$ cat query-v3.pdb   # PDB, C-alpha atoms
ATOM      1  CA  MET D   1      14.342   8.188  30.639
ATOM      2  CA  MET D   2      11.953  10.790  29.352
ATOM      3  CA  LYS D   3       9.257  12.739  31.167
ATOM      4  CA  ILE D   4       5.813  12.936  29.551
ATOM      5  CA  ALA D   5       2.292  13.619  30.824
ATOM      6  CA  VAL D   6      -1.008  11.841  30.293
ATOM      7  CA  LYS D   7      -4.143  13.982  30.414
ATOM      8  CA  ASP D   8      -7.574  12.663  31.300
ATOM      9  CA  ALA D   9      -9.964  14.684  29.112
ATOM     10  CA  GLU D  10     -12.899  13.723  31.343
ATOM     11  CA  THR D  11     -11.481  15.536  34.390
ATOM     12  CA  GLY D  12      -8.649  17.729  33.099
ATOM     13  CA  ASN D  13      -6.253  15.960  35.515
ATOM     14  CA  ARG D  14      -2.745  15.001  34.378
ATOM     15  CA  ILE D  15      -0.176  12.539  35.561
ATOM     16  CA  SER D  16       3.535  12.919  34.913
ATOM     17  CA  MET D  17       5.449   9.797  33.961
ATOM     18  CA  GLU D  18       8.978   8.744  33.307
ATOM     19  CA  VAL D  19       9.127   6.387  30.335
ATOM     20  CA  GLU D  20      11.803   4.597  28.332
ATOM     21  CA  LYS D  21      12.045   4.816  24.546
ATOM     22  CA  ASP D  22      11.064   1.162  24.182
ATOM     23  CA  ASN D  23       7.961   1.372  26.379
ATOM     24  CA  THR D  24       4.829   0.957  24.285
ATOM     25  CA  ILE D  25       1.868   3.324  24.215
ATOM     26  CA  GLU D  26      -0.231   0.413  25.492
ATOM     27  CA  GLU D  27       1.997   0.118  28.586
ATOM     28  CA  ILE D  28       1.759   3.855  29.217
ATOM     29  CA  ILE D  29      -2.018   3.854  28.898
ATOM     30  CA  GLU D  30      -2.321   0.766  31.085
ATOM     31  CA  GLU D  31      -0.328   2.525  33.781
ATOM     32  CA  ALA D  32      -2.457   5.688  33.547
ATOM     33  CA  ALA D  33      -5.708   3.724  33.381
ATOM     34  CA  ASN D  34      -4.749   1.684  36.452
ATOM     35  CA  TYR D  35      -3.950   4.879  38.310
ATOM     36  CA  TRP D  36      -7.326   6.403  37.407
ATOM     37  CA  ARG D  37      -9.181   3.073  37.560
ATOM     38  CA  LYS D  38     -10.300   3.238  33.955
ATOM     39  CA  ASP D  39     -10.658   0.624  31.254
ATOM     40  CA  PRO D  40      -7.383   1.023  29.278
ATOM     41  CA  GLY D  41      -8.898  -0.364  26.079
ATOM     42  CA  ALA D  42     -11.810   2.048  26.001
ATOM     43  CA  TYR D  43      -9.957   5.174  24.903
ATOM     44  CA  VAL D  44      -8.603   6.791  21.801
ATOM     45  CA  VAL D  45      -5.130   8.110  22.610
ATOM     46  CA  ARG D  46      -4.005  11.283  20.937
ATOM     47  CA  LEU D  47      -0.833  13.290  20.648
ATOM     48  CA  GLY D  48      -1.933  16.515  19.017
ATOM     49  CA  LYS D  49      -3.807  15.537  15.855
ATOM     50  CA  LYS D  50      -2.321  12.047  15.754
ATOM     51  CA  ILE D  51      -3.925   8.848  17.111
ATOM     52  CA  LEU D  52      -1.290   6.759  18.870
ATOM     53  CA  ARG D  53      -1.338   3.021  18.203
ATOM     54  CA  GLY D  54      -1.038   0.839  21.283
ATOM     55  CA  GLU D  55       1.759  -1.335  19.924
ATOM     56  CA  ALA D  56       3.979   1.597  18.931
ATOM     57  CA  THR D  57       6.937   2.325  21.186
ATOM     58  CA  VAL D  58       7.747   5.755  22.580
ATOM     59  CA  GLU D  59      10.465   5.995  19.934
ATOM     60  CA  GLU D  60       8.214   4.889  17.056
ATOM     61  CA  ALA D  61       5.463   7.294  18.164
ATOM     62  CA  ARG D  62       8.123  10.029  18.237
ATOM     63  CA  LEU D  63       7.222  11.135  21.728
ATOM     64  CA  GLN D  64       9.395  13.972  22.974
ATOM     65  CA  GLU D  65      10.282  15.137  26.448
ATOM     66  CA  GLY D  66       7.333  17.149  27.842
ATOM     67  CA  ASP D  67       4.732  15.796  25.410
ATOM     68  CA  ILE D  68       1.172  15.472  26.677
ATOM     69  CA  ILE D  69      -0.872  12.554  25.441
ATOM     70  CA  GLU D  70      -4.593  12.638  26.037
ATOM     71  CA  LEU D  71      -7.198   9.960  26.678
ATOM     72  CA  ILE D  72     -10.285  10.676  24.592
ATOM     73  CA  PRO D  73     -13.528   8.794  25.274
ATOM     74  CA  ASP D  74     -15.179   6.887  22.428
ATOM     75  CA  PRO D  75     -18.882   7.068  23.333
ATOM     76  CA  GLU D  76     -21.706   5.084  21.765
ATOM     77  CA  GLY D  77     -25.327   6.158  21.872
ATOM     78  CA  GLY D  78     -28.556   4.460  21.026
TER      79      GLY D  78
ATOM     80  CA  MET O   1      11.423  -7.577  29.574
ATOM     81  CA  LYS O   2       8.817  -4.889  30.260
ATOM     82  CA  LYS O   3      10.502  -1.639  31.229
ATOM     83  CA  LEU O   4       9.075   0.041  34.304
ATOM     84  CA  ILE O   5       7.110   3.232  33.929
ATOM     85  CA  LYS O   6       7.321   5.570  36.877
ATOM     86  CA  ILE O   7       4.423   7.871  37.725
ATOM     87  CA  SER O   8       5.975  10.910  39.361
ATOM     88  CA  GLY O   9       2.802  12.758  40.338
ATOM     89  CA  GLU O  10      -0.696  13.893  39.487
ATOM     90  CA  GLU O  11      -1.728  17.445  38.794
ATOM     91  CA  LYS O  12      -5.436  17.835  39.480
ATOM     92  CA  LYS O  13      -7.284  20.504  37.547
ATOM     93  CA  LYS O  14      -8.089  23.340  39.920
ATOM     94  CA  GLN O  15     -11.696  24.461  40.186
ATOM     95  CA  LYS O  16     -12.349  28.159  39.696
ATOM     96  CA  ILE O  17     -14.307  29.763  42.494
ATOM     97  CA  GLN O  18     -16.957  31.754  40.681
ATOM     98  CA  PRO O  19     -20.703  32.321  41.020
ATOM     99  CA  PRO O  20     -22.887  30.384  38.549
ATOM    100  CA  PRO O  21     -24.214  32.162  35.425
ATOM    101  CA  THR O  22     -26.999  34.650  36.151
ATOM    102  CA  LYS O  23     -28.385  35.542  32.718
ATOM    103  CA  ILE O  24     -30.662  32.518  32.650
ATOM    104  CA  ILE O  25     -33.023  32.336  29.652
ATOM    105  CA  PHE O  26     -34.474  28.882  30.292
ATOM    106  CA  GLU O  27     -34.644  26.581  33.256
ATOM    107  CA  TYR O  28     -35.732  22.949  33.262
ATOM    108  CA  PRO O  29     -38.062  21.639  34.629
ATOM    109  CA  SER O  30     -39.815  24.898  35.600
ATOM    110  CA  SER O  31     -40.231  26.041  31.960
ATOM    111  CA  ASN O  32     -41.669  24.256  28.930
ATOM    112  CA  THR O  33     -38.942  22.632  26.805
ATOM    113  CA  GLU O  34     -41.096  22.128  23.702
ATOM    114  CA  GLU O  35     -42.021  25.816  23.591
ATOM    115  CA  PHE O  36     -38.401  26.848  24.163
ATOM    116  CA  ILE O  37     -37.073  24.638  21.339
ATOM    117  CA  LYS O  38     -39.909  25.857  19.092
ATOM    118  CA  LYS O  39     -38.796  29.438  19.787
ATOM    119  CA  LEU O  40     -35.179  28.466  19.051
ATOM    120  CA  TYR O  41     -36.269  26.980  15.706
ATOM    121  CA  GLU O  42     -37.989  30.264  14.823
ATOM    122  CA  GLU O  43     -34.874  32.254  15.758
ATOM    123  CA  MET O  44     -32.661  29.882  13.769
ATOM    124  CA  GLY O  45     -34.999  29.768  10.766
ATOM    125  CA  LEU O  46     -35.633  26.015  11.101
ATOM    126  CA  GLN O  47     -38.860  24.309  10.046
ATOM    127  CA  GLU O  48     -40.361  21.800  12.456
ATOM    128  CA  LEU O  49     -39.556  18.170  11.643
ATOM    129  CA  SER O  50     -42.168  15.460  11.431
ATOM    130  CA  ASN O  51     -40.323  12.339  10.317
ATOM    131  CA  GLY O  52     -40.198  10.575  13.682
ATOM    132  CA  ILE O  53     -39.547   6.862  13.874
ATOM    133  CA  GLU O  54     -40.929   4.122  16.050
ATOM    134  CA  CYS O  55     -38.990   3.658  19.275
ATOM    135  CA  MET O  56     -36.739   0.596  19.329
ATOM    136  CA  GLU O  57     -34.907   1.608  22.502
ATOM    137  CA  LYS O  58     -35.709   0.526  26.017
ATOM    138  CA  GLU O  59     -35.682   3.346  28.540
ATOM    139  CA  VAL O  60     -33.609   2.767  31.666
ATOM    140  CA  GLU O  61     -35.182   3.770  34.956
ATOM    141  CA  SER O  62     -34.188   7.145  36.320
ATOM    142  CA  THR O  63     -35.075   9.274  39.296
ATOM    143  CA  PHE O  64     -35.060  13.097  39.408
ATOM    144  CA  SER O  65     -32.642  15.325  41.278
ATOM    145  CA  LYS O  66     -33.840  18.796  42.354
ATOM    146  CA  ASN O  67     -30.478  20.545  42.657
ATOM    147  CA  LEU O  68     -29.549  22.826  39.777
ATOM    148  CA  ASP O  69     -25.823  22.459  39.098
ATOM    149  CA  PHE O  70     -25.686  22.102  35.318
ATOM    150  CA  TYR O  71     -25.535  25.177  33.054
ATOM    151  CA  ILE O  72     -25.398  25.351  29.257
ATOM    152  CA  LYS O  73     -24.396  28.410  27.256
ATOM    153  CA  GLU O  74     -27.022  29.370  24.676
ATOM    154  CA  GLU O  75     -24.500  29.263  21.812
ATOM    155  CA  ALA O  76     -23.519  25.682  22.695
ATOM    156  CA  LEU O  77     -27.179  24.688  22.846
ATOM    157  CA  LYS O  78     -27.860  26.239  19.433
ATOM    158  CA  LYS O  79     -24.944  24.278  17.893
ATOM    159  CA  MET O  80     -26.238  21.099  19.503
ATOM    160  CA  VAL O  81     -29.801  21.723  18.311
ATOM    161  CA  LEU O  82     -28.626  22.445  14.765
ATOM    162  CA  HIS O  83     -26.431  19.326  14.672
ATOM    163  CA  CYS O  84     -29.262  17.090  15.941
ATOM    164  CA  TYR O  85     -31.715  18.769  13.548
ATOM    165  CA  GLU O  86     -29.514  18.305  10.470
ATOM    166  CA  MET O  87     -28.808  14.656  11.340
ATOM    167  CA  ALA O  88     -32.532  14.028  11.994
ATOM    168  CA  LYS O  89     -33.293  15.209   8.442
ATOM    169  CA  GLU O  90     -31.102  12.292   7.299
ATOM    170  CA  ARG O  91     -32.902  10.032   9.803
ATOM    171  CA  LYS O  92     -29.740   9.550  11.828
ATOM    172  CA  GLU O  93     -28.778  10.137  15.440
ATOM    173  CA  ALA O  94     -26.270  12.897  16.251
ATOM    174  CA  MET O  95     -23.594  12.899  18.949
ATOM    175  CA  GLY O  96     -20.761  14.995  20.318
ATOM    176  CA  PHE O  97     -18.856  16.078  23.401
ATOM    177  CA  LEU O  98     -19.975  18.777  25.851
ATOM    178  CA  ILE O  99     -16.987  21.035  26.413
ATOM    179  CA  GLY O 100     -16.690  23.167  29.501
ATOM    180  CA  ASP O 101     -15.460  23.505  33.021
ATOM    181  CA  VAL O 102     -16.288  22.570  36.580
ATOM    182  CA  LYS O 103     -16.497  25.452  39.040
ATOM    183  CA  TYR O 104     -17.281  26.028  42.665
ATOM    184  CA  TRP O 105     -19.375  28.573  44.482
ATOM    185  CA  ASP O 106     -21.471  27.339  47.365
ATOM    186  CA  ARG O 107     -21.369  23.965  45.623
ATOM    187  CA  GLU O 108     -19.697  22.321  42.647
ATOM    188  CA  TYR O 109     -21.376  22.994  39.301
ATOM    189  CA  SER O 110     -20.554  22.354  35.662
ATOM    190  CA  VAL O 111     -20.850  24.685  32.705
ATOM    191  CA  VAL O 112     -21.013  23.741  29.016
ATOM    192  CA  TYR O 113     -19.483  26.460  26.836
ATOM    193  CA  ASP O 114     -19.242  24.609  23.555
ATOM    194  CA  ILE O 115     -19.598  21.292  21.794
ATOM    195  CA  ALA O 116     -17.159  19.275  19.679
ATOM    196  CA  THR O 117     -18.131  16.683  17.149
ATOM    197  CA  THR O 118     -17.025  15.163  13.873
ATOM    198  CA  SER O 119     -18.382  12.853  11.165
ATOM    199  CA  LEU O 120     -20.435  10.060  12.637
ATOM    200  CA  ASP O 121     -21.125   6.416  12.084
ATOM    201  CA  ALA O 122     -24.881   6.747  12.654
ATOM    202  CA  SER O 123     -28.235   5.106  12.055
ATOM    203  CA  PRO O 124     -31.736   5.919  13.399
ATOM    204  CA  PHE O 125     -30.917   3.892  16.544
ATOM    205  CA  TYR O 126     -27.146   4.063  16.992
ATOM    206  CA  VAL O 127     -24.313   6.561  16.875
ATOM    207  CA  ARG O 128     -20.562   6.761  17.434
ATOM    208  CA  PHE O 129     -17.700   8.778  15.958
ATOM    209  CA  ASP O 130     -16.579   7.726  12.479
ATOM    210  CA  ARG O 131     -13.341   5.756  12.936
ATOM    211  CA  GLU O 132     -11.644   7.888  10.266
ATOM    212  CA  ALA O 133     -12.817  11.223  11.648
ATOM    213  CA  PHE O 134     -10.961  11.553  14.961
ATOM    214  CA  GLU O 135      -8.396  13.919  13.470
ATOM    215  CA  ASN O 136     -11.150  16.424  12.774
ATOM    216  CA  LEU O 137     -12.399  16.030  16.352
ATOM    217  CA  PHE O 138      -8.873  16.638  17.673
ATOM    218  CA  ASP O 139      -8.655  19.794  15.541
ATOM    219  CA  LYS O 140     -11.785  21.080  17.234
ATOM    220  CA  LEU O 141     -10.430  20.263  20.700
ATOM    221  CA  ASP O 142      -7.193  22.065  19.833
ATOM    222  CA  GLU O 143      -9.145  25.192  18.886
ATOM    223  CA  ILE O 144     -10.361  25.543  22.483
ATOM    224  CA  GLU O 145      -8.317  28.241  24.140
ATOM    225  CA  TYR O 146      -8.725  27.202  27.763
ATOM    226  CA  GLU O 147      -8.038  24.055  29.796
ATOM    227  CA  TYR O 148     -11.235  22.241  28.903
ATOM    228  CA  ILE O 149     -12.943  19.318  30.546
ATOM    229  CA  LEU O 150     -15.276  16.976  28.714
ATOM    230  CA  ILE O 151     -18.307  17.691  30.864
ATOM    231  CA  GLY O 152     -20.140  14.876  29.123
ATOM    232  CA  TRP O 153     -21.759  14.083  25.821
ATOM    233  CA  TYR O 154     -24.967  14.699  23.894
ATOM    234  CA  HIS O 155     -26.837  12.586  21.428
ATOM    235  CA  SER O 156     -30.224  12.670  19.759
ATOM    236  CA  HIS O 157     -33.347  10.546  19.495
ATOM    237  CA  LEU O 158     -35.601  10.699  16.475
ATOM    238  CA  GLY O 159     -39.119  11.486  17.617
ATOM    239  CA  TYR O 160     -39.531   9.142  20.592
ATOM    240  CA  THR O 161     -38.541  11.717  23.262
ATOM    241  CA  SER O 162     -35.485  11.999  25.470
ATOM    242  CA  PHE O 163     -34.349   9.249  27.814
ATOM    243  CA  MET O 164     -31.314   7.105  28.517
ATOM    244  CA  SER O 165     -31.175   3.676  26.896
ATOM    245  CA  SER O 166     -29.001   0.830  28.147
ATOM    246  CA  ILE O 167     -26.205   1.603  25.634
ATOM    247  CA  ASP O 168     -26.313   5.283  26.726
ATOM    248  CA  LEU O 169     -26.004   4.253  30.353
ATOM    249  CA  GLU O 170     -23.031   2.033  29.511
ATOM    250  CA  THR O 171     -21.284   5.025  27.907
ATOM    251  CA  GLN O 172     -22.072   7.132  30.964
ATOM    252  CA  LYS O 173     -20.680   4.510  33.325
ATOM    253  CA  LYS O 174     -17.572   3.905  31.226
ATOM    254  CA  TYR O 175     -16.550   7.520  30.589
ATOM    255  CA  PHE O 176     -18.693  10.100  32.349
ATOM    256  CA  ASN O 177     -19.067   8.781  35.864
ATOM    257  CA  GLN O 178     -17.917  11.785  37.924
ATOM    258  CA  PRO O 179     -20.478  13.817  39.937
ATOM    259  CA  PHE O 180     -20.127  16.785  37.522
ATOM    260  CA  HIS O 181     -20.526  14.779  34.311
ATOM    261  CA  ALA O 182     -23.775  14.857  32.348
ATOM    262  CA  ALA O 183     -25.488  13.402  29.312
ATOM    263  CA  ILE O 184     -27.907  15.419  27.213
ATOM    264  CA  VAL O 185     -30.484  13.600  25.138
ATOM    265  CA  LEU O 186     -32.117  15.876  22.586
ATOM    266  CA  ASP O 187     -35.035  14.987  20.351
ATOM    267  CA  PRO O 188     -35.279  17.559  17.543
ATOM    268  CA  ILE O 189     -38.525  16.029  16.238
ATOM    269  CA  ALA O 190     -40.439  15.818  19.532
ATOM    270  CA  LYS O 191     -38.684  19.074  20.598
ATOM    271  CA  ASP O 192     -37.644  17.496  23.864
ATOM    272  CA  MET O 193     -34.393  17.697  25.818
ATOM    273  CA  LYS O 194     -33.337  16.169  29.117
ATOM    274  CA  ALA O 195     -30.080  15.903  31.040
ATOM    275  CA  PHE O 196     -28.904  12.957  33.092
ATOM    276  CA  ARG O 197     -26.035  11.978  35.329
ATOM    277  CA  LEU O 198     -24.899   9.072  37.436
ATOM    278  CA  MET O 199     -25.417   9.220  41.161
ATOM    279  CA  ASN O 200     -24.195   6.206  43.135
ATOM    280  CA  GLY O 201     -24.244   4.239  39.894
ATOM    281  CA  ASP O 202     -27.889   5.060  39.154
ATOM    282  CA  CYS O 203     -29.230   7.152  36.286
ATOM    283  CA  VAL O 204     -30.693  10.424  37.527
ATOM    284  CA  GLU O 205     -32.431  13.100  35.485
ATOM    285  CA  ILE O 206     -31.121  16.528  36.468
ATOM    286  CA  PRO O 207     -32.350  20.119  36.168
ATOM    287  CA  PHE O 208     -30.451  22.421  33.812
ATOM    288  CA  ALA O 209     -30.352  26.086  32.904
ATOM    289  CA  ILE O 210     -29.525  27.800  29.623
ATOM    290  CA  PHE O 211     -27.711  31.122  29.942
ATOM    291  CA  LYS O 212     -26.706  33.958  27.604
TER     292      LYS O 212
END
$ encode --input "query-v3.pdb" --output "structure tokens"
Amino acid sequence: MMKIAVKDAETGNRISMEVEKDNTIEEIIEEAANYWRKDPGAYVVRLGKKILRGEATVEEARLQEGDIIELIPDPEGG
Amino acid sequence: MKKLIKISGEEKKKQKIQPPPTKIIFEYPSSNTEEFIKKLYEEMGLQELSNGIECMEKEVESTFSKNLDFYIKEEALKKMVLHCYEMAKERKEAMGFLIGDVKYWDREYSVVYDIATTSLDASPFYVRFDREAFENLFDKLDEIEYEYILIGWYHSHLGYTSFMSSIDLETQKKYFNQPFHAAIVLDPIAKDMKAFRLMNGDCVEIPFAIFK
């Protein structure tokens, strides 16, 4: 088990989570999005400068204890 | 088998208790936006633009709220104006995030201190971030030295004034649906700027103030 946080850039709020190394980023984001009632597929997920791919596992994405991943909106204007 | 993820708690961002900015240099709707943007152009050494295009967007209905609770720092506005102006010269829409904070005095209010943007996938009628340019956007977010909130987003129209279209409203509903969130629509050709937010799911035009 590893403790990480997910930050919602739209509010500045964070949730702490305990994840396993074979959880995927998609599962993490789904969990956070359900908690905040957001559309999980609508966001770009970043860890520092890196975009995290949904299918990557915690291990593959090289997440470390205490890391903060952030949900970034992907707006469209017309 | 899917491994369980356990949420152990939420840390809500605390609102600072602080009076709103006082050095106001422009207030909408009591002052004239066109004249203010014209003055900004003079200060910034920008020539007026005249290459407007015919409107292809349908304006969504909006009402007007009278309560001033949206403040924009002059420096952030100047960056936004310059970005929209430069993109308009290429006949393309501009877009970016409004970076700031939500505070509380006798009511909740939001303040835009800066903007963040990157290369865009843009046309005269559409804009989004370039799929390959997020890293640059993340760099800009990392440069911010305080716990920022994305207060909303801005984008431009090319000569057919400032309003929310249906695609703009979709973005607002999807991402910026909190009471403190806002959308700025800036038209660097018509020298027009308006701010909007969602209230009970409806699009509402809101007053704003620019401060030094």
$ resolve_selection --input "query-v3.pdb" --expression "the PyMOL selection byres ((chain D and resi 41) around 10)" --output "ChimeraX atom specification"
/D:26,29-30,33,38-40,42-45,54
$ interface_residues --input "query-v3.pdb" --of "chain D" --to "chain O" --cutoff "10 Å" --atoms "all atoms listed in the file" --output "PDB file with C-alpha atoms, in the coordinates of the input"
ATOM      1  CA  MET D   1      14.342   8.188  30.639  1.00  0.00           C
ATOM      2  CA  LYS D   3       9.257  12.739  31.167  1.00  0.00           C
ATOM      3  CA  ILE D   4       5.813  12.936  29.551  1.00  0.00           C
ATOM      4  CA  ALA D   5       2.292  13.619  30.824  1.00  0.00           C
ATOM      5  CA  VAL D   6      -1.008  11.841  30.293  1.00  0.00           C
ATOM      6  CA  LYS D   7      -4.143  13.982  30.414  1.00  0.00           C
ATOM      7  CA  ASP D   8      -7.574  12.663  31.300  1.00  0.00           C
ATOM      8  CA  ALA D   9      -9.964  14.684  29.112  1.00  0.00           C
ATOM      9  CA  GLU D  10     -12.899  13.723  31.343  1.00  0.00           C
ATOM     10  CA  THR D  11     -11.481  15.536  34.390  1.00  0.00           C
ATOM     11  CA  GLY D  12      -8.649  17.729  33.099  1.00  0.00           C
ATOM     12  CA  ASN D  13      -6.253  15.960  35.515  1.00  0.00           C
ATOM     13  CA  ARG D  14      -2.745  15.001  34.378  1.00  0.00           C
ATOM     14  CA  ILE D  15      -0.176  12.539  35.561  1.00  0.00           C
ATOM     15  CA  SER D  16       3.535  12.919  34.913  1.00  0.00           C
ATOM     16  CA  MET D  17       5.449   9.797  33.961  1.00  0.00           C
ATOM     17  CA  GLU D  18       8.978   8.744  33.307  1.00  0.00           C
ATOM     18  CA  VAL D  19       9.127   6.387  30.335  1.00  0.00           C
ATOM     19  CA  GLU D  20      11.803   4.597  28.332  1.00  0.00           C
ATOM     20  CA  LYS D  21      12.045   4.816  24.546  1.00  0.00           C
ATOM     21  CA  ASP D  22      11.064   1.162  24.182  1.00  0.00           C
ATOM     22  CA  ASN D  23       7.961   1.372  26.379  1.00  0.00           C
ATOM     23  CA  THR D  24       4.829   0.957  24.285  1.00  0.00           C
ATOM     24  CA  GLU D  27       1.997   0.118  28.586  1.00  0.00           C
ATOM     25  CA  ILE D  28       1.759   3.855  29.217  1.00  0.00           C
ATOM     26  CA  GLU D  31      -0.328   2.525  33.781  1.00  0.00           C
ATOM     27  CA  ALA D  32      -2.457   5.688  33.547  1.00  0.00           C
ATOM     28  CA  TYR D  35      -3.950   4.879  38.310  1.00  0.00           C
ATOM     29  CA  LYS D  38     -10.300   3.238  33.955  1.00  0.00           C
ATOM     30  CA  ASP D  39     -10.658   0.624  31.254  1.00  0.00           C
ATOM     31  CA  ALA D  42     -11.810   2.048  26.001  1.00  0.00           C
ATOM     32  CA  TYR D  43      -9.957   5.174  24.903  1.00  0.00           C
ATOM     33  CA  VAL D  44      -8.603   6.791  21.801  1.00  0.00           C
ATOM     34  CA  ARG D  46      -4.005  11.283  20.937  1.00  0.00           C
ATOM     35  CA  LEU D  47      -0.833  13.290  20.648  1.00  0.00           C
ATOM     36  CA  GLY D  48      -1.933  16.515  19.017  1.00  0.00           C
ATOM     37  CA  LYS D  49      -3.807  15.537  15.855  1.00  0.00           C
ATOM     38  CA  LYS D  50      -2.321  12.047  15.754  1.00  0.00           C
ATOM     39  CA  ILE D  51      -3.925   8.848  17.111  1.00  0.00           C
ATOM     40  CA  ILE D  72     -10.285  10.676  24.592  1.00  0.00           C
ATOM     41  CA  PRO D  73     -13.528   8.794  25.274  1.00  0.00           C
ATOM     42  CA  ASP D  74     -15.179   6.887  22.428  1.00  0.00           C
ATOM     43  CA  PRO D  75     -18.882   7.068  23.333  1.00  0.00           C
ATOM     44  CA  GLU D  76     -21.706   5.084  21.765  1.00  0.00           C
ATOM     45  CA  GLY D  77     -25.327   6.158  21.872  1.00  0.00           C
ATOM     46  CA  GLY D  78     -28.556   4.460  21.026  1.00  0.00           C
TER      47      GLY D  78
END
$ resolve_selection --input "query-v3.pdb" --expression "the PyMOL selection byres ((chain O and resi 193) around 12)" --output "number ranges by chain"
O: 27-29, 31-38, 77, 80-81, 84, 154-164, 183-192, 194-196, 205-210
$ resolve_selection --input "query-v3.pdb" --expression "the PyMOL selection byres ((chain O and resi 42-47) around 10)" --output "PDB file with C-alpha atoms, keeping the file's coordinate frame"
ATOM      1  CA  PHE O  36     -38.401  26.848  24.163  1.00  0.00           C
ATOM      2  CA  ILE O  37     -37.073  24.638  21.339  1.00  0.00           C
ATOM      3  CA  LYS O  38     -39.909  25.857  19.092  1.00  0.00           C
ATOM      4  CA  LYS O  39     -38.796  29.438  19.787  1.00  0.00           C
ATOM      5  CA  LEU O  40     -35.179  28.466  19.051  1.00  0.00           C
ATOM      6  CA  TYR O  41     -36.269  26.980  15.706  1.00  0.00           C
ATOM      7  CA  GLU O  48     -40.361  21.800  12.456  1.00  0.00           C
ATOM      8  CA  LEU O  49     -39.556  18.170  11.643  1.00  0.00           C
ATOM      9  CA  SER O  50     -42.168  15.460  11.431  1.00  0.00           C
ATOM     10  CA  LYS O  78     -27.860  26.239  19.433  1.00  0.00           C
ATOM     11  CA  VAL O  81     -29.801  21.723  18.311  1.00  0.00           C
ATOM     12  CA  LEU O  82     -28.626  22.445  14.765  1.00  0.00           C
ATOM     13  CA  TYR O  85     -31.715  18.769  13.548  1.00  0.00           C
ATOM     14  CA  GLU O  86     -29.514  18.305  10.470  1.00  0.00           C
TER      15      GLU O  86
END
$ atom_distance --input "query-v3.pdb" --atom1 "atom CA of Asp106 of chain O" --atom2 "atom CA of Ile24 of chain O"
18.1 Å
$ atom_distance --input "query-v3.pdb" --atom1 "atom CA of Val58 of chain D" --atom2 "atom CA of Met2 of chain D"
9.4 Å
$ atom_distance --input "query-v3.pdb" --atom1 "atom CA of Gly100 of chain O" --atom2 "atom CA of Ile72 of chain O"
9.0 Å
$ decode --input "query-v3.pdb" --residues "segment 114-147 of chain O" --atoms "C-alpha atoms" --output "PDB file, in the first residue's frame"
ATOM      1  CA  ASP O 114      -2.302  35.484 -13.539  1.00  0.00           C
ATOM      2  CA  ILE O 115      -3.047  33.419 -16.607  1.00  0.00           C
ATOM      3  CA  ALA O 116      -1.506  30.196 -17.924  1.00  0.00           C
ATOM      4  CA  THR O 117      -1.620  29.053 -21.493  1.00  0.00           C
ATOM      5  CA  THR O 118       0.355  27.106 -24.058  1.00  0.00           C
ATOM      6  CA  SER O 119       0.331  26.430 -27.807  1.00  0.00           C
ATOM      7  CA  LEU O 120      -3.180  26.059 -29.117  1.00  0.00           C
ATOM      8  CA  ASP O 121      -5.097  24.050 -31.638  1.00  0.00           C
ATOM      9  CA  ALA O 122      -7.111  27.030 -32.906  1.00  0.00           C
ATOM     10  CA  SER O 123      -9.188  28.330 -35.785  1.00  0.00           C
ATOM     11  CA  PRO O 124     -11.355  31.478 -36.135  1.00  0.00           C
ATOM     12  CA  PHE O 125     -14.235  29.590 -34.457  1.00  0.00           C
ATOM     13  CA  TYR O 126     -12.647  26.975 -32.201  1.00  0.00           C
ATOM     14  CA  VAL O 127      -9.860  26.618 -29.674  1.00  0.00           C
ATOM     15  CA  ARG O 128      -8.343  24.040 -27.334  1.00  0.00           C
ATOM     16  CA  PHE O 129      -4.862  23.291 -26.009  1.00  0.00           C
ATOM     17  CA  ASP O 130      -2.486  21.648 -28.483  1.00  0.00           C
ATOM     18  CA  ARG O 131      -2.317  17.955 -27.530  1.00  0.00           C
ATOM     19  CA  GLU O 132       1.495  18.097 -27.581  1.00  0.00           C
ATOM     20  CA  ALA O 133       1.779  21.276 -25.527  1.00  0.00           C
ATOM     21  CA  PHE O 134       0.554  20.251 -22.066  1.00  0.00           C
ATOM     22  CA  GLU O 135       4.092  19.958 -20.726  1.00  0.00           C
ATOM     23  CA  ASN O 136       4.609  23.657 -21.353  1.00  0.00           C
ATOM     24  CA  LEU O 137       1.322  24.406 -19.578  1.00  0.00           C
ATOM     25  CA  PHE O 138       2.424  22.295 -16.598  1.00  0.00           C
ATOM     26  CA  ASP O 139       5.709  24.231 -16.485  1.00  0.00           C
ATOM     27  CA  LYS O 140       3.734  27.443 -16.170  1.00  0.00           C
ATOM     28  CA  LEU O 141       1.543  26.004 -13.405  1.00  0.00           C
ATOM     29  CA  ASP O 142       4.666  24.853 -11.561  1.00  0.00           C
ATOM     30  CA  GLU O 143       6.077  28.386 -11.671  1.00  0.00           C
ATOM     31  CA  ILE O 144       3.195  29.622  -9.501  1.00  0.00           C
ATOM     32  CA  GLU O 145       4.485  30.031  -5.984  1.00  0.00           C
ATOM     33  CA  TYR O 146       1.221  29.728  -4.079  1.00  0.00           C
ATOM     34  CA  GLU O 147      -1.557  27.136  -3.816  1.00  0.00           C
TER      35      GLU O 147
END
